[in-house]
Amino acid sequence: MTARERRPAAPPGPPRRAALRMLAVMTRDRLGMISDSVQRYGDAVRIPVGHKSLHVFNHPDHAQHVLADNAGNYQKGIGLVHARRALGDGLLTSEGELWRKQRKVIQPVFHPRRLAHHAGLIAAEAQRLVHRLRQCVGGVPVDVVTEFTGLTLGVLGRTLLDADLSPFGTVGEEFAAVQDQAMFELATLGMVPAWLPLPRQMRFRRARRELQRVVDQLVAARAESTDGRDDVLSRLIVSTRAETDPRVARGRLRDELVTLLLAGHETTASTLGWTLYRVDREPAVRHRLREEAQTVLGGRLPGYEDLHRLRYTTMVVKEAMRLHPPVWLLPRIATDADVVGGYAVPAGADVVVLPYTLHRHREFWTWPERFDPERFDPARAPDRPRYAYIPFGAGPRICVGSNLGLMEAVFVLAMIAREFRLSTAPGHQVVAEPMLSLRIRGGLPMLVRAVDAVD
């Protein structure tokens, strides 16, 4: 066999002449384009898109190689590169030594020992949501995504920033404009000049200014004294004092806080929306959820010790994240040439691991499109590869707040299921919107009814 014959081949995929057509498809339906390509060509696909090629890998072994075993060869890629214009060099988009320094500053705040303290704060915020829902029983549909966004921002403020974020109620709208711009730049491969006065780009610029104003207010309110406080905001302020250039310090603070505000509320709000949508369609799941919540909690608020008791509720949340992973796309750029699953990856190649399709891989998930929380019963779960399920990413850059987000989703779901039956408004079409997280396009209007009135 010659050296040429031994050289790893490129992954299969559409021909290069399809690049413009694939770019047009990605603009309309990026999630469908990648999913269809994986279904047609297999676990490794090279998709020509405009002047680029996306190398998509869809096997747990591939995910482990790119995200963990050889993670040092891969930097954040397409989509997140474009998001940097809005988020700067926050934890989500930074690289190398800057990322390691940022992670070291923030990581201790998410230590498992702190979850017990956070549990009471989460339960209190969830109870405020329950009070609001009680006012809506028997009334017009309520957009639960909007409600969950307010809830998760409240939790973020109280648990991580020790601050009241209620005065910044429109921040969710600003982040929507930021994500819209980031995905536009992804779909157009950054070829549309940022200075063009397009409506989308003008909304983005206004949103960026507003987010900078919000974080500047938060910093100003805290900067006078951080003594005795060990939340994320205080730790970031202290860490940036070492910067000799005040402009660099302000920029770092802005980048970190804008990223934290986005990532800290968006993924959990989306997860809760998708979970309620799925539970509404499964009466048996809904009844079992309610029974567990009523048995475990009775009429009280959940505490940290209840987390392992709300076993079925946790399984429901995990199954919702399997079908609708909050981190649906993990894009990377290969620094040096590599071989993944026997296929060649050139230096500089755009590499994509897609939890959305990986979580539907028929080799590892029976009836993958079916909503079945029993998959996550520890007594029944098969010996599934670790990297077959990565809703928060994996490897060194796994989401730092994943445990906090899971606890928040479990507590909120249990408190809602105990008291309410939420059903999707008649005629509303639920459509996935793959932004920086996997959202529900246009929100999720649901009718709120008291449990004892309907079941």
# chains A, B, ... in the order shown; residues from 1 in each chain; ligands from 1

$ residues_around --residues "A:Ile390" --least-positions-apart "3" --cutoff "12 Å" --atoms "only C-alpha atoms" --output "VMD selection string"
chain A and resid 58 to 60 63 to 64 67 to 68 318 to 319 321 to 330 353 to 360 385 to 387 393 to 395 397 to 399 402

$ closest_residue --among "A:Ala163, A:Val258, A:Leu121, A:Leu198" --to "A:Leu218" --atoms "only C-alpha atoms"
A:Ala163

$ select_by_dssp --residues "stretch 119-202 of chain A" --states "helix (DSSP H, G or I)" --output "count of residues only"
58

$ residues_around --residues "A:Leu257" --least-positions-apart "4" --cutoff "8 Å" --atoms "only C-alpha atoms" --output "list in words"
Gly90, Val215, Leu233, Leu253 and Leu261 of chain A

$ write_last_selection --atoms "all heavy atoms" --output "PDB file, in the first residue's frame"
ATOM      1  N   GLY A  90     -15.365  36.943  26.939  1.00  0.00           N
ATOM      2  CA  GLY A  90     -15.874  36.329  28.158  1.00  0.00           C
ATOM      3  C   GLY A  90     -15.550  34.858  28.179  1.00  0.00           C
ATOM      4  O   GLY A  90     -14.930  34.310  27.262  1.00  0.00           O
ATOM      5  N   VAL A 215     -24.234  46.264  32.893  1.00  0.00           N
ATOM      6  CA  VAL A 215     -23.105  45.734  33.659  1.00  0.00           C
ATOM      7  C   VAL A 215     -22.318  46.853  34.323  1.00  0.00           C
ATOM      8  O   VAL A 215     -21.781  46.674  35.436  1.00  0.00           O
ATOM      9  CB  VAL A 215     -22.198  44.834  32.791  1.00  0.00           C
ATOM     10  CG1 VAL A 215     -22.970  43.650  32.257  1.00  0.00           C
ATOM     11  CG2 VAL A 215     -21.563  45.601  31.649  1.00  0.00           C
ATOM     12  N   LEU A 233     -19.492  38.462  41.004  1.00  0.00           N
ATOM     13  CA  LEU A 233     -19.242  39.871  40.724  1.00  0.00           C
ATOM     14  C   LEU A 233     -18.056  40.385  41.535  1.00  0.00           C
ATOM     15  O   LEU A 233     -17.150  41.037  40.996  1.00  0.00           O
ATOM     16  CB  LEU A 233     -20.497  40.682  41.021  1.00  0.00           C
ATOM     17  CG  LEU A 233     -20.420  42.202  40.776  1.00  0.00           C
ATOM     18  CD1 LEU A 233     -19.950  42.502  39.364  1.00  0.00           C
ATOM     19  CD2 LEU A 233     -21.779  42.848  41.050  1.00  0.00           C
ATOM     20  N   LEU A 253     -14.284  43.165  32.696  1.00  0.00           N
ATOM     21  CA  LEU A 253     -15.474  43.067  33.528  1.00  0.00           C
ATOM     22  C   LEU A 253     -16.737  43.024  32.683  1.00  0.00           C
ATOM     23  O   LEU A 253     -17.641  42.219  32.919  1.00  0.00           O
ATOM     24  CB  LEU A 253     -15.537  44.261  34.488  1.00  0.00           C
ATOM     25  CG  LEU A 253     -14.925  44.057  35.870  1.00  0.00           C
ATOM     26  CD1 LEU A 253     -14.932  45.364  36.645  1.00  0.00           C
ATOM     27  CD2 LEU A 253     -15.659  42.983  36.638  1.00  0.00           C
ATOM     28  N   LEU A 261     -24.464  36.817  32.235  1.00  0.00           N
ATOM     29  CA  LEU A 261     -25.893  37.106  32.187  1.00  0.00           C
ATOM     30  C   LEU A 261     -26.582  36.298  31.103  1.00  0.00           C
ATOM     31  O   LEU A 261     -27.685  35.786  31.302  1.00  0.00           O
ATOM     32  CB  LEU A 261     -26.120  38.605  31.960  1.00  0.00           C
ATOM     33  CG  LEU A 261     -25.840  39.521  33.155  1.00  0.00           C
ATOM     34  CD1 LEU A 261     -25.842  40.977  32.707  1.00  0.00           C
ATOM     35  CD2 LEU A 261     -26.874  39.300  34.249  1.00  0.00           C
TER      36      LEU A 261
END

$ closest_residue --among "A:Glu369, A:Asp216, A:Glu363, A:Asp452" --to "A:Asp43" --atoms "only C-alpha atoms"
A:Glu363

$ residues_around --residues "A:Leu31" --least-positions-apart "5" --cutoff "9 Å" --atoms "only C-alpha atoms" --output "NGL selection string"
:A and (26 or 36 or 328 or 356 or 432-434)

$ closest_residue --among "A:Thr159, A:Ala249, A:Pro445, A:Asp336" --to "A:Leu115" --atoms "only C-alpha atoms"
A:Thr159

$ residues_around --residues "A:Ala124" --least-positions-apart "6" --cutoff "10 Å" --atoms "only C-alpha atoms" --output "MDAnalysis selection string"
chainID A and resid 130 154:155 301:302

$ write_last_selection --atoms "N, CA and C atoms" --output "CSV table (one decimal), in the first residue's frame"
chain,number,residue,atom,x,y,z
A,130,VAL,N,-44.6,30.7,41.1
A,130,VAL,CA,-45.8,30.0,41.4
A,130,VAL,C,-46.9,31.0,41.8
A,154,GLY,N,-33.6,36.2,37.9
A,154,GLY,CA,-33.7,36.4,39.4
A,154,GLY,C,-32.8,35.5,40.1
A,155,VAL,N,-32.8,34.2,39.8
A,155,VAL,CA,-31.9,33.2,40.4
A,155,VAL,C,-30.4,33.6,40.2
A,301,LEU,N,-41.4,24.2,50.5
A,301,LEU,CA,-40.4,24.4,49.5
A,301,LEU,C,-39.4,23.4,49.5
A,302,PRO,N,-38.8,23.1,48.3
A,302,PRO,CA,-37.7,22.1,48.3
A,302,PRO,C,-36.4,22.6,48.9
